[in-house]
file structure33.txt (compact mmCIF, C-alpha atoms)
# COMPACT_ATOMS: atom_id res chain seq x y z
CA MET A 73 0.00 0.00 0.00
CA ARG A 74 1.48 3.35 -1.00
CA THR A 75 0.83 5.47 2.03
CA MET A 76 2.81 8.13 3.75
CA GLN A 77 2.63 9.31 7.28
CA VAL A 78 3.54 12.30 9.34
CA GLY A 79 6.69 14.13 8.39
CA VAL A 80 7.52 12.12 5.30
CA VAL A 81 5.22 13.41 2.65
CA MET A 82 6.68 16.84 2.04
CA LEU A 83 10.09 15.41 1.29
CA ALA A 84 8.87 12.43 -0.67
CA LEU A 85 6.62 14.37 -2.99
CA SER A 86 8.59 17.56 -3.40
CA ILE A 87 12.06 16.46 -4.40
CA PRO A 88 11.37 14.36 -7.52
CA ALA A 89 9.31 17.17 -8.99
CA VAL A 90 11.90 19.96 -8.99
CA ALA A 91 12.24 19.97 -12.75
CA MET A 92 8.51 20.52 -13.19
CA ALA A 93 8.28 23.68 -11.12
CA GLN A 94 6.39 26.45 -12.86
CA ASP A 95 6.77 30.01 -11.64
CA ASP A 96 8.14 28.73 -8.32
CA VAL A 97 4.70 27.89 -6.91
CA GLN A 98 3.09 24.79 -5.48
CA ILE A 99 -0.35 23.79 -4.29
CA VAL A 100 -0.24 22.22 -0.85
CA VAL A 101 -2.92 20.22 0.96
CA GLY A 102 -2.05 19.74 4.61
CA GLY A 103 -3.46 18.39 7.84
CA PHE A 104 -3.88 20.62 10.90
CA SER A 105 -5.04 19.98 14.45
CA THR A 106 -6.56 22.25 17.08
CA SER A 107 -5.56 21.73 20.68
CA VAL A 108 -8.21 21.58 23.40
CA THR A 109 -6.30 24.19 25.36
CA GLY A 110 -4.48 26.11 22.63
CA GLY A 111 -4.32 27.00 18.97
CA GLU A 112 -4.07 25.26 15.64
CA LYS A 113 -0.86 23.73 14.37
CA ALA A 114 0.29 21.89 11.28
CA GLU A 115 0.45 18.14 11.69
CA GLY A 116 3.48 17.94 9.43
CA ILE A 117 1.82 15.91 6.69
CA TRP A 118 1.46 17.50 3.29
CA HIS A 119 0.51 16.72 -0.27
CA SER A 120 2.67 18.99 -2.38
CA ILE A 121 1.42 19.45 -5.94
CA LEU A 122 3.33 21.22 -8.68
CA PRO A 123 1.02 22.95 -11.12
CA THR A 124 1.24 20.63 -14.12
CA ALA A 125 -1.75 21.72 -16.20
CA GLY A 126 -4.43 19.11 -16.78
CA LYS A 127 -3.02 16.45 -14.47
CA ALA A 128 -5.23 15.33 -11.58
CA PHE A 129 -3.56 14.70 -8.24
CA THR A 130 -5.58 12.64 -5.77
CA GLY A 131 -4.92 12.17 -2.09
CA GLU A 132 -6.84 9.97 0.32
CA TRP A 133 -6.65 11.33 3.82
CA SER A 134 -7.34 9.06 6.77
CA MET A 135 -7.82 10.36 10.29
CA TRP A 136 -7.95 8.25 13.40
CA ASP A 137 -7.62 8.30 17.18
CA CYS A 138 -6.21 11.56 18.49
CA GLY A 139 -6.49 13.43 15.16
CA TYR A 140 -3.67 11.50 13.48
CA PHE A 141 -3.42 11.75 9.71
CA GLN A 142 -2.28 9.37 7.02
CA LEU A 143 -2.09 10.28 3.36
CA SER A 144 -2.25 7.86 0.48
CA ALA A 145 -1.51 9.17 -2.98
CA GLY A 146 -2.23 5.91 -4.76
CA ASN A 147 -5.99 5.23 -4.44
CA ASP A 148 -5.26 2.57 -1.86
CA GLY A 149 -8.28 3.25 0.32
CA PHE A 150 -8.38 4.48 3.87
CA LYS A 151 -6.33 3.20 6.76
CA GLU A 152 -8.04 0.49 8.76
CA GLY A 153 -9.62 1.86 11.91
CA SER A 154 -9.94 5.40 10.56
CA THR A 155 -12.73 7.50 11.98
CA ASN A 156 -12.79 9.97 9.09
CA GLY A 157 -11.60 9.89 5.51
CA TRP A 158 -11.44 12.41 2.68
CA ARG A 159 -10.70 12.19 -1.03
CA VAL A 160 -9.12 15.37 -2.29
CA GLU A 161 -8.38 15.84 -5.98
CA VAL A 162 -6.54 18.86 -7.34
CA THR A 163 -6.24 19.52 -11.07
CA PRO A 164 -4.07 22.49 -12.00
CA VAL A 165 -5.43 24.54 -14.90
CA ARG A 166 -2.97 27.37 -15.45
CA VAL A 167 -0.46 29.70 -13.80
CA VAL A 168 -0.48 33.38 -14.68
CA ASP A 169 1.96 35.70 -12.92
CA ARG A 170 2.21 33.20 -10.05
CA ALA A 171 -1.57 33.07 -9.62
CA VAL A 172 -2.55 29.40 -9.82
CA THR A 173 -5.94 28.37 -11.17
CA PHE A 174 -7.01 24.82 -10.36
CA ARG A 175 -10.04 22.62 -9.84
CA LEU A 176 -10.60 21.28 -6.34
CA ARG A 177 -12.84 18.23 -5.98
CA TRP A 178 -13.23 16.77 -2.54
CA SER A 179 -15.61 14.67 -0.50
CA ARG A 180 -15.69 13.16 2.95
CA ALA A 181 -15.92 9.46 2.28
CA LEU A 182 -15.69 8.10 5.82
CA VAL A 183 -17.44 9.39 8.95
CA ASN A 184 -17.24 7.73 12.37
CA GLY A 185 -15.52 4.81 10.72
CA LYS A 186 -18.33 4.14 8.23
CA PRO A 187 -18.56 4.87 4.50
CA PHE A 188 -20.30 8.15 3.90
CA ARG A 189 -21.90 9.34 0.69
CA ALA A 190 -21.45 13.06 0.87
CA GLU A 191 -21.82 15.37 -2.06
CA THR A 192 -18.61 16.08 -3.85
CA THR A 193 -17.57 19.70 -3.76
CA ASP A 194 -16.18 20.77 -7.11
CA VAL A 195 -14.88 24.32 -7.47
CA GLU A 196 -12.41 26.22 -9.61
CA LEU A 197 -10.14 28.42 -7.56
CA THR A 198 -7.42 30.96 -8.28
CA MET A 199 -4.96 31.59 -5.49
CA ARG A 200 -1.61 33.28 -5.10
CA PRO A 201 1.34 32.26 -2.89
CA GLY A 202 0.53 32.95 0.74
CA GLU A 203 -3.21 32.37 0.34
CA ALA A 204 -5.00 29.46 2.01
CA ARG A 205 -8.48 28.08 2.60
CA THR A 206 -9.87 25.35 4.79
CA ILE A 207 -11.30 22.36 2.94
CA ASP A 208 -13.05 20.65 5.84
CA ARG A 209 -12.98 20.14 9.59
CA ALA A 210 -13.80 17.18 11.79
CA SER A 211 -14.05 16.73 15.54
CA VAL A 212 -11.91 14.25 17.39
CA ARG A 213 -14.01 11.57 19.11
CA PRO A 214 -14.32 12.23 22.87
CA GLY A 215 -12.25 9.82 24.92
CA SER A 216 -9.66 9.34 22.18
CA LYS A 217 -6.17 8.40 23.28
CA THR A 218 -2.72 9.22 22.05
CA PHE A 219 -0.34 6.61 20.64
CA ASP A 220 0.96 5.92 24.13
CA GLY A 221 -2.46 5.73 25.79
CA ARG A 222 -2.66 9.20 27.29
CA PRO A 223 -5.79 11.37 27.03
CA CYS A 224 -5.96 13.16 23.66
CA GLY A 225 -5.38 16.92 23.76
CA THR A 226 -6.73 17.56 20.26
CA SER A 227 -10.28 18.79 19.80
CA GLU A 228 -10.58 18.89 16.02
CA VAL A 229 -8.64 18.52 12.80
CA ALA A 230 -8.75 20.34 9.49
CA LEU A 231 -7.61 19.82 5.95
CA ARG A 232 -6.33 23.03 4.47
CA LEU A 233 -5.25 23.96 0.97
CA SER A 234 -2.72 26.67 0.29
CA VAL A 235 -0.62 28.01 -2.56
CA ASP A 236 2.98 28.48 -1.50
CA ASP A 237 6.36 29.33 -2.90
CA TYR A 238 8.27 26.44 -4.42
CA PRO A 239 10.54 25.10 -3.17
CA SER A 240 9.53 25.68 0.42
CA GLU A 241 11.89 27.68 2.60
CA ASP A 242 13.54 24.56 4.02
CA PHE A 243 14.64 23.41 0.57
CA GLU A 244 15.37 26.77 -1.07
CA ARG A 245 19.08 27.30 -1.77
CA ARG A 246 18.90 30.30 -4.08
CA LEU A 247 20.07 33.50 -2.51
CA VAL A 248 19.65 37.07 -3.73
CA ALA A 249 21.71 40.07 -2.64
CA THR A 250 20.20 43.52 -3.01
CA ASP A 251 22.21 46.70 -2.50
CA LEU A 252 20.22 49.86 -1.95
CA TRP A 253 21.27 53.46 -1.63
CA LEU A 254 19.01 56.23 -0.47
CA VAL A 255 20.28 59.22 -2.45
CA GLU A 256 19.39 62.79 -1.63
CA ARG A 257 19.80 65.45 -4.28
CA LEU A 258 21.23 68.57 -2.64
CA ALA A 259 20.48 72.18 -3.48
CA ASN A 260 24.05 72.72 -4.67
CA GLY A 261 23.67 69.96 -7.27
CA GLY A 262 25.59 67.41 -5.26
CA GLU A 263 24.21 64.34 -3.60
CA ARG A 264 24.66 62.30 -0.47
CA SER A 265 23.70 58.73 0.09
CA LEU A 266 23.01 56.10 2.71
CA PRO A 267 23.77 52.45 1.89
CA VAL A 268 22.06 49.25 2.90
CA SER A 269 22.77 45.73 1.69
CA VAL A 270 20.42 42.81 2.32
CA ARG A 271 20.28 39.16 1.39
CA GLY A 272 17.28 36.87 1.21
CA LEU A 273 15.47 34.05 -0.50
CA PRO A 274 13.61 34.56 -3.77
CA HIS A 275 9.94 35.50 -3.38
CA LYS A 276 10.37 36.28 0.31
CA PRO A 277 10.12 39.85 1.62
CA VAL A 278 13.41 41.12 3.02
CA ALA A 279 13.28 44.18 5.25
CA PHE A 280 15.70 47.08 4.87
CA TYR A 281 16.25 50.11 7.06
CA PHE A 282 18.29 53.17 6.20
CA ASP A 283 19.87 55.24 8.94
CA SER A 284 17.64 58.06 10.13
CA ILE A 285 17.98 61.49 8.54
CA THR A 286 17.74 64.39 10.94
CA GLU A 287 16.68 68.01 10.60
CA GLY A 288 16.82 69.83 13.91
CA THR A 289 14.84 67.63 16.27
CA GLY A 290 13.00 66.05 13.35
CA SER A 291 13.96 62.54 12.33
CA LEU A 292 13.03 60.81 9.08
CA ASP A 293 13.06 57.04 8.71
CA ILE A 294 13.10 55.44 5.28
CA LEU A 295 12.58 51.70 5.39
CA GLY A 296 10.81 49.02 3.48
CA ARG A 297 11.00 45.57 2.06
CA VAL A 298 12.15 44.08 -1.18
CA VAL A 299 10.95 40.90 -2.86
CA ALA A 300 13.16 39.44 -5.60
CA ARG A 301 11.82 37.14 -8.29
CA PRO A 302 14.43 35.48 -10.51
CA GLY A 303 13.70 34.96 -14.16
CA GLY A 304 15.45 35.08 -17.51
CA GLY A 305 18.76 36.51 -16.32
CA THR A 306 17.11 39.41 -14.52
CA LEU A 307 15.64 39.88 -11.10
CA GLU A 308 12.23 41.43 -10.79
CA LEU A 309 12.30 43.50 -7.63
CA SER A 310 9.15 44.59 -5.87
CA LEU A 311 10.04 47.46 -3.61
CA GLN A 312 7.76 48.72 -0.92
CA VAL A 313 9.24 51.84 0.62
CA ARG A 314 7.87 53.49 3.73
CA SER A 315 8.67 56.89 5.18
CA ARG A 316 7.84 58.18 8.60
CA TRP A 317 9.01 61.20 10.46
CA GLY A 318 8.64 62.56 13.94
CA ASP A 319 9.98 65.01 16.45
CA THR A 320 12.51 63.28 18.67
CA ALA A 321 12.01 65.97 21.31
CA ARG A 322 8.44 64.77 21.81
CA ARG A 323 7.56 61.49 23.43
CA ASP A 324 3.92 61.47 22.43
CA GLY A 325 2.26 61.53 19.06
CA GLU A 326 2.31 59.19 16.10
CA TRP A 327 4.88 59.39 13.39
CA PRO A 328 3.01 59.94 10.10
CA THR A 329 3.78 57.02 7.80
CA GLN A 330 3.44 56.89 4.03
CA TRP A 331 4.34 54.22 1.50
CA VAL A 332 4.99 53.68 -2.15
CA GLU A 333 5.40 50.53 -4.17
CA THR A 334 7.29 49.99 -7.39
CA ARG A 335 8.53 47.14 -9.53
CA VAL A 336 11.75 47.13 -11.46
CA ASP A 337 13.66 44.51 -13.46
CA VAL A 338 17.37 44.58 -12.66
CA ARG A 339 20.18 42.85 -14.53
CA PRO A 340 23.27 41.90 -12.52
CA ASP A 341 25.40 44.65 -14.11
CA GLU A 342 22.88 47.45 -13.59
CA VAL A 343 22.38 50.17 -11.02
CA VAL A 344 18.80 51.33 -11.39
CA GLN A 345 17.58 54.61 -10.00
CA VAL A 346 13.99 55.10 -8.91
CA ALA A 347 12.94 58.59 -7.85
CA LEU A 348 10.82 58.83 -4.76
CA PRO A 349 8.05 61.42 -4.70
CA LYS A 350 8.43 64.46 -2.45
CA LEU A 351 7.12 63.71 1.00
CA GLY A 352 4.81 66.71 0.82
CA ASP A 353 2.77 68.03 3.72
CA ALA A 354 2.97 64.74 5.59
CA GLY A 355 6.75 64.99 5.54
CA GLY A 356 7.07 67.87 8.00
CA PRO A 357 10.55 69.45 7.78
CA PHE A 358 11.47 66.93 5.07
CA ALA A 359 8.55 67.88 2.81
CA ASN A 360 10.62 69.24 -0.07
CA ARG A 361 13.73 67.09 0.14
CA LEU A 362 14.50 65.13 -3.01
CA PHE A 363 15.20 61.44 -2.49
CA SER A 364 15.69 58.54 -4.84
CA LEU A 365 16.68 54.91 -4.52
CA ARG A 366 19.51 53.27 -6.39
CA VAL A 367 19.27 49.53 -6.57
CA ARG A 368 21.68 46.79 -7.55
CA ALA A 369 20.75 43.11 -7.27
CA ARG A 370 22.24 39.76 -8.17
CA GLN A 371 21.54 36.13 -7.54
CA LEU A 372 24.43 34.77 -5.48
CA ARG A 373 23.63 31.08 -5.97
CA MET B 737 48.93 14.61 21.33
CA SER B 738 47.88 16.03 17.94
CA GLU B 739 50.23 17.87 15.61
CA ARG B 740 48.19 21.02 16.15
CA HIS B 741 48.61 20.68 19.88
CA GLU B 742 52.35 20.11 19.49
CA VAL B 743 53.06 23.15 17.35
CA ILE B 744 51.10 25.44 19.66
CA SER B 745 52.70 23.89 22.72
CA ALA B 746 56.18 24.30 21.23
CA PHE B 747 55.38 27.92 20.42
CA ILE B 748 54.27 28.69 23.98
CA ASP B 749 57.20 26.82 25.53
CA ASP B 750 59.66 28.72 23.37
CA GLU B 751 60.76 25.59 21.61
CA PRO B 752 61.51 25.29 17.91
CA PHE B 753 58.39 25.26 15.76
CA ASP B 754 57.40 25.66 12.13
CA PRO B 755 55.99 29.21 11.76
CA GLN B 756 54.01 28.26 8.66
CA GLU B 757 52.40 25.36 10.45
CA LEU B 758 51.59 27.60 13.43
CA ALA B 759 50.03 30.21 11.13
CA SER B 760 48.00 27.49 9.47
CA VAL B 761 46.76 26.11 12.80
CA LEU B 762 45.91 29.58 14.13
CA SER B 763 44.01 30.47 10.99
CA GLU B 764 41.27 28.14 12.21
CA PRO B 765 38.98 29.06 15.12
CA SER B 766 39.63 25.69 16.78
CA GLY B 767 43.39 26.36 16.65
CA ARG B 768 42.96 29.76 18.25
CA ALA B 769 40.72 28.26 20.92
CA LEU B 770 43.36 25.63 21.63
CA LEU B 771 46.04 28.30 21.96
CA ILE B 772 43.95 30.24 24.46
CA ASP B 773 43.23 27.05 26.42
CA LEU B 774 46.92 26.19 26.62
CA VAL B 775 47.90 29.71 27.64
CA ALA B 776 45.23 29.66 30.34
CA LEU B 777 46.34 26.22 31.50
CA ARG B 778 49.94 27.33 31.83
CA HIS B 779 48.81 30.38 33.73
CA ILE B 780 46.91 28.21 36.20
CA VAL B 781 49.69 25.67 36.84
CA GLN B 782 52.37 28.33 37.19
CA PRO B 783 53.09 29.00 40.92
CA ASP B 784 52.16 32.50 42.10
CA ASP B 785 55.06 33.24 44.40
CA VAL B 786 58.17 31.62 43.08
CA ALA B 787 61.56 32.95 44.03
CA LEU B 788 62.79 33.32 40.52
CA SER B 789 66.32 32.30 39.76
CA GLY B 790 68.09 33.96 36.88
CA ALA B 791 67.36 31.00 34.64
CA LEU B 792 63.71 30.96 35.59
CA THR B 793 63.40 34.68 35.05
CA SER B 794 64.79 34.31 31.61
CA ARG B 795 62.45 31.39 30.91
CA THR B 796 59.43 33.26 32.25
CA SER B 797 60.32 36.34 30.26
CA SER B 798 60.51 34.33 27.10
CA ARG B 799 57.19 32.70 28.00
CA LEU B 800 55.63 36.08 28.53
CA ARG B 801 57.08 37.20 25.25
CA ALA B 802 55.66 34.12 23.60
CA VAL B 803 52.25 34.72 25.12
CA GLY B 804 52.45 38.33 23.97
CA VAL B 805 53.31 37.24 20.46
CA ALA B 806 50.55 34.66 20.59
CA ALA B 807 48.05 37.28 21.71
CA ALA B 808 49.19 39.56 18.91
CA LEU B 809 48.80 36.70 16.43
CA VAL B 810 45.33 35.90 17.73
CA LEU B 811 44.34 39.57 17.48
CA ALA B 812 45.79 39.83 14.00
CA LEU B 813 44.19 36.64 12.74
CA GLY B 814 40.92 37.14 14.59
CA GLY B 815 40.73 40.79 13.65
CA GLY B 816 41.41 40.01 10.02
CA TYR B 817 38.74 37.32 10.13
CA LEU B 818 36.15 39.64 11.65
CA MET B 819 37.03 42.42 9.26
CA GLY B 820 36.62 40.01 6.37
CA GLN B 821 33.23 39.02 7.71
CA SER B 822 31.96 42.57 7.96
CA ARG B 823 33.45 43.48 4.62
CA SER B 824 31.67 40.63 2.87
CA GLY B 825 28.33 42.37 3.46
CA ALA B 826 29.50 45.96 3.07
CA ILE B 827 28.86 48.20 0.10
CA PRO B 828 30.32 51.62 -0.66
CA ALA B 829 28.73 54.48 1.26
CA ASP B 830 28.64 56.58 -1.90
CA ALA B 831 26.04 55.41 -4.33
CA PRO B 832 27.38 54.36 -7.73
CA ALA B 833 26.15 56.30 -10.72
CA PRO B 834 22.93 54.86 -12.10
CA THR B 835 23.10 52.92 -15.35
CA ARG B 836 19.36 53.28 -15.84
CA ILE B 837 16.73 55.61 -14.48
CA VAL B 838 13.15 54.47 -14.23
CA GLU B 839 10.10 56.49 -13.44
CA GLY B 840 9.14 56.17 -9.80
CA PRO B 841 5.76 56.15 -8.14
CA ALA B 842 3.80 59.39 -8.49
CA ALA B 843 2.89 59.99 -4.85
CA TRP B 844 3.17 58.57 -1.38
CA GLN B 845 0.12 56.77 -0.07
CA ALA B 846 -1.40 56.41 3.37
CA PRO B 847 -2.50 54.54 5.37
CA LEU B 848 -0.35 51.47 5.06
CA PRO B 849 -1.71 48.48 3.13
CA ARG B 850 -2.81 45.57 5.33
CA SER B 851 0.11 43.42 4.21
CA ALA B 852 2.59 46.02 5.45
CA GLN B 853 1.07 46.56 8.87
call {"tool": "encode", "arguments": {"input": "structure33.txt", "output": "structure tokens"}}
result
Amino acid sequence: MRTMQVGVVMLALSIPAVAMAQDDVQIVVGGFSTSVTGGEKAEGIWHSILPTAGKAFTGEWSMWDCGYFQLSAGNDGFKEGSTNGWRVEVTPVRVVDRAVTFRLRWSRALVNGKPFRAETTDVELTMRPGEARTIDRASVRPGSKTFDGRPCGTSEVALRLSVDDYPSEDFERRLVATDLWLVERLANGGERSLPVSVRGLPHKPVAFYFDSITEGTGSLDILGRVVARPGGGTLELSLQVRSRWGDTARRDGEWPTQWVETRVDVRPDEVVQVALPKLGDAGGPFANRLFSLRVRARQLR
Amino acid sequence: MSERHEVISAFIDDEPFDPQELASVLSEPSGRALLIDLVALRHIVQPDDVALSGALTSRTSSRLRAVGVAAALVLALGGGYLMGQSRSGAIPADAPAPTRIVEGPAAWQAPLPRSAQ
């Protein structure tokens, strides 16, 4: 019987499929449990599906005792002694700009250990990395025990579907370095700059913080985050830049915060300049200062 | 006793040693840690109030000299290592000239988007 249990599935299903990755995304169906006295946590069992258009991926999920999961990806039926069982089929349709469209067909086929003829839910969904939805939930039978005979601390379980980056963070080896300079154009035609260099994984936001700029007791912070997406010899950088200023002589009061977002494709040999708008009225003593960003980025491995 | 141990021990005891081998051993953190351990050990086992004979004075002086040299080596190697570490992530303070200028966003926005909060 081709079944996989806790902790094994992610590795077993992810690695052979590296060559099929499209747009660095994957569809993931995973088991979660909710503690009687706490929150929800992942059970560590996943069905990782790379978006190969038109191919149906079926998983049979068995649940038993204290909310334990077993996944079979080979139509082998449910584990003996299961209290609940689900069939979940995912058929990728297309990927556009990392938004994955797919059909989700699922049904609960086993309830309280008996076959159950529930209606099959069949929907077409479009989701982006970081988005998730719950497929179904089931309560854990009162009086259930753990593997070693102790009282079960799980109240219910859930199957959840998400679209995530591929490969997942644990398996990602690519590394991107981004150098940023905050450049201020001075009245005399010169310029001065503040540097920041950050490193991070593709598709993951990496925070950056420039040193504060002061004007009397006023202090201006320019910070933000950059997301790098490799592709075709260039890096597509999404830059979200935030500005906030305040009077350091005052302890109270909020620091007005503004933000801008921009996307830029950067080749390894380029230094790209992006002008930032004037801070305006919300910028206090920095309202009319002229700032721009210069960006250099390269994939290190 | 390992070769690393021997070369460091010979260095501290003012005995003949291969400088290249010592430099090689001290280029690794474990070698530097071993040196510090041995120096500390010798400091502990050395009597506090010894009536120093001329020979002992000379020996102790050379030991102190050796420890001083060792400390200098550790500082030099360690300092170089740390400097290399900080340099690996450093970029010039002055921004390089842009090779391309792209149009930026038209205006700042507020409040922050939910994903940024």
call {"tool": "atom_distance", "arguments": {"input": "structure33.txt", "atom1": "CA of Asp324 (chain A)", "atom2": "CA of Phe363 (chain A)"}}
result
27.4 Å
call {"tool": "interface_residues", "arguments": {"input": "structure33.txt", "of": "chain A", "to": "chain B", "cutoff": "6 Å", "atoms": "only C-alpha atoms", "output": "ChimeraX atom specification"}}
result
/A:253,265,267,330-332,342-349
call {"tool": "atom_distance", "arguments": {"input": "structure33.txt", "atom1": "CA of Ser120 (chain A)", "atom2": "CA of Thr198 (chain A)"}}
result
16.7 Å
call {"tool": "atom_distance", "arguments": {"input": "structure33.txt", "atom1": "CA of Val168 (chain A)", "atom2": "CA of Leu233 (chain A)"}}
result
18.9 Å
call {"tool": "closest_residue", "arguments": {"input": "structure33.txt", "among": "A:Glu196, A:Asp137, A:Glu241, A:Glu191", "to": "Ser211 (chain A)", "atoms": "all atoms listed in the file"}}
result
A:Asp137
call {"tool": "closest_residue", "arguments": {"input": "structure33.txt", "among": "A:Ser284, A:Gln371, A:Ser240, A:Thr250", "to": "Gln98 (chain A)", "atoms": "all atoms listed in the file"}}
result
A:Ser240
call {"tool": "axis_aligned_box", "arguments": {"input": "structure33.txt", "around": "region 106-125 of chain A", "padding_each_side": "6 Å", "output": "JSON"}}
result
{"center_x": -2.4, "center_y": 21.5, "center_z": 4.6, "size_x": 23.7, "size_y": 23.1, "size_z": 53.6}
call {"tool": "residues_around", "arguments": {"input": "structure33.txt", "residues": "Asp95 (chain A)", "least_positions_apart": "2", "cutoff": "8 Å", "atoms": "all atoms listed in the file", "output": "list of chain:residue names"}}
result
A:Ala93, A:Val97, A:Val167, A:Asp169, A:Arg170
call {"tool": "build_atoms", "arguments": {"input": "structure33.txt", "residues": "region 214-235 of chain A", "atoms": "N, CA and C atoms", "output": "PDB file, in the coordinates of the input"}}
result
ATOM      1  N   PRO A 214     -14.618  12.107  21.432  1.00  0.00           N
ATOM      2  CA  PRO A 214     -14.320  12.230  22.870  1.00  0.00           C
ATOM      3  C   PRO A 214     -13.770  10.916  23.415  1.00  0.00           C
ATOM      4  N   GLY A 215     -12.834  11.029  24.306  1.00  0.00           N
ATOM      5  CA  GLY A 215     -12.250   9.820  24.920  1.00  0.00           C
ATOM      6  C   GLY A 215     -11.121   9.219  24.107  1.00  0.00           C
ATOM      7  N   SER A 216     -10.760   9.874  22.995  1.00  0.00           N
ATOM      8  CA  SER A 216      -9.660   9.340  22.180  1.00  0.00           C
ATOM      9  C   SER A 216      -8.353   9.382  22.955  1.00  0.00           C
ATOM     10  N   LYS A 217      -7.468   8.486  22.594  1.00  0.00           N
ATOM     11  CA  LYS A 217      -6.170   8.400  23.280  1.00  0.00           C
ATOM     12  C   LYS A 217      -5.035   8.691  22.302  1.00  0.00           C
ATOM     13  N   THR A 218      -3.916   9.045  22.868  1.00  0.00           N
ATOM     14  CA  THR A 218      -2.720   9.220  22.050  1.00  0.00           C
ATOM     15  C   THR A 218      -2.105   7.851  21.775  1.00  0.00           C
ATOM     16  N   PHE A 219      -1.019   7.869  20.959  1.00  0.00           N
ATOM     17  CA  PHE A 219      -0.340   6.610  20.640  1.00  0.00           C
ATOM     18  C   PHE A 219       0.041   5.835  21.902  1.00  0.00           C
ATOM     19  N   ASP A 220       0.474   6.595  22.917  1.00  0.00           N
ATOM     20  CA  ASP A 220       0.960   5.920  24.130  1.00  0.00           C
ATOM     21  C   ASP A 220      -0.087   5.860  25.232  1.00  0.00           C
ATOM     22  N   GLY A 221      -1.381   5.990  24.844  1.00  0.00           N
ATOM     23  CA  GLY A 221      -2.460   5.730  25.790  1.00  0.00           C
ATOM     24  C   GLY A 221      -2.847   6.880  26.689  1.00  0.00           C
ATOM     25  N   ARG A 222      -2.283   8.061  26.454  1.00  0.00           N
ATOM     26  CA  ARG A 222      -2.660   9.200  27.290  1.00  0.00           C
ATOM     27  C   ARG A 222      -3.907   9.878  26.725  1.00  0.00           C
ATOM     28  N   PRO A 223      -4.612  10.678  27.536  1.00  0.00           N
ATOM     29  CA  PRO A 223      -5.790  11.370  27.030  1.00  0.00           C
ATOM     30  C   PRO A 223      -5.410  12.301  25.875  1.00  0.00           C
ATOM     31  N   CYS A 224      -6.248  12.360  24.858  1.00  0.00           N
ATOM     32  CA  CYS A 224      -5.960  13.160  23.660  1.00  0.00           C
ATOM     33  C   CYS A 224      -6.189  14.644  23.944  1.00  0.00           C
ATOM     34  N   GLY A 225      -5.245  15.473  23.538  1.00  0.00           N
ATOM     35  CA  GLY A 225      -5.380  16.920  23.760  1.00  0.00           C
ATOM     36  C   GLY A 225      -5.824  17.662  22.514  1.00  0.00           C
ATOM     37  N   THR A 226      -6.297  16.923  21.507  1.00  0.00           N
ATOM     38  CA  THR A 226      -6.730  17.560  20.260  1.00  0.00           C
ATOM     39  C   THR A 226      -8.250  17.557  20.183  1.00  0.00           C
ATOM     40  N   SER A 227      -8.823  18.719  19.863  1.00  0.00           N
ATOM     41  CA  SER A 227     -10.280  18.790  19.800  1.00  0.00           C
ATOM     42  C   SER A 227     -10.813  18.563  18.394  1.00  0.00           C
ATOM     43  N   GLU A 228     -10.111  19.093  17.386  1.00  0.00           N
ATOM     44  CA  GLU A 228     -10.580  18.890  16.020  1.00  0.00           C
ATOM     45  C   GLU A 228      -9.415  18.963  15.043  1.00  0.00           C
ATOM     46  N   VAL A 229      -9.679  18.479  13.837  1.00  0.00           N
ATOM     47  CA  VAL A 229      -8.640  18.520  12.800  1.00  0.00           C
ATOM     48  C   VAL A 229      -9.214  19.251  11.585  1.00  0.00           C
ATOM     49  N   ALA A 230      -8.312  19.663  10.715  1.00  0.00           N
ATOM     50  CA  ALA A 230      -8.750  20.340   9.490  1.00  0.00           C
ATOM     51  C   ALA A 230      -7.827  19.959   8.350  1.00  0.00           C
ATOM     52  N   LEU A 231      -8.399  19.928   7.165  1.00  0.00           N
ATOM     53  CA  LEU A 231      -7.610  19.820   5.950  1.00  0.00           C
ATOM     54  C   LEU A 231      -7.598  21.206   5.329  1.00  0.00           C
ATOM     55  N   ARG A 232      -6.433  21.666   4.996  1.00  0.00           N
ATOM     56  CA  ARG A 232      -6.330  23.030   4.470  1.00  0.00           C
ATOM     57  C   ARG A 232      -5.529  23.008   3.179  1.00  0.00           C
ATOM     58  N   LEU A 233      -5.957  23.840   2.250  1.00  0.00           N
ATOM     59  CA  LEU A 233      -5.250  23.960   0.970  1.00  0.00           C
ATOM     60  C   LEU A 233      -4.606  25.341   0.895  1.00  0.00           C
ATOM     61  N   SER A 234      -3.386  25.371   0.436  1.00  0.00           N
ATOM     62  CA  SER A 234      -2.720  26.670   0.290  1.00  0.00           C
ATOM     63  C   SER A 234      -1.904  26.679  -0.996  1.00  0.00           C
ATOM     64  N   VAL A 235      -1.589  27.850  -1.468  1.00  0.00           N
ATOM     65  CA  VAL A 235      -0.620  28.010  -2.560  1.00  0.00           C
ATOM     66  C   VAL A 235       0.608  28.663  -1.944  1.00  0.00           C
TER      67      VAL A 235
END
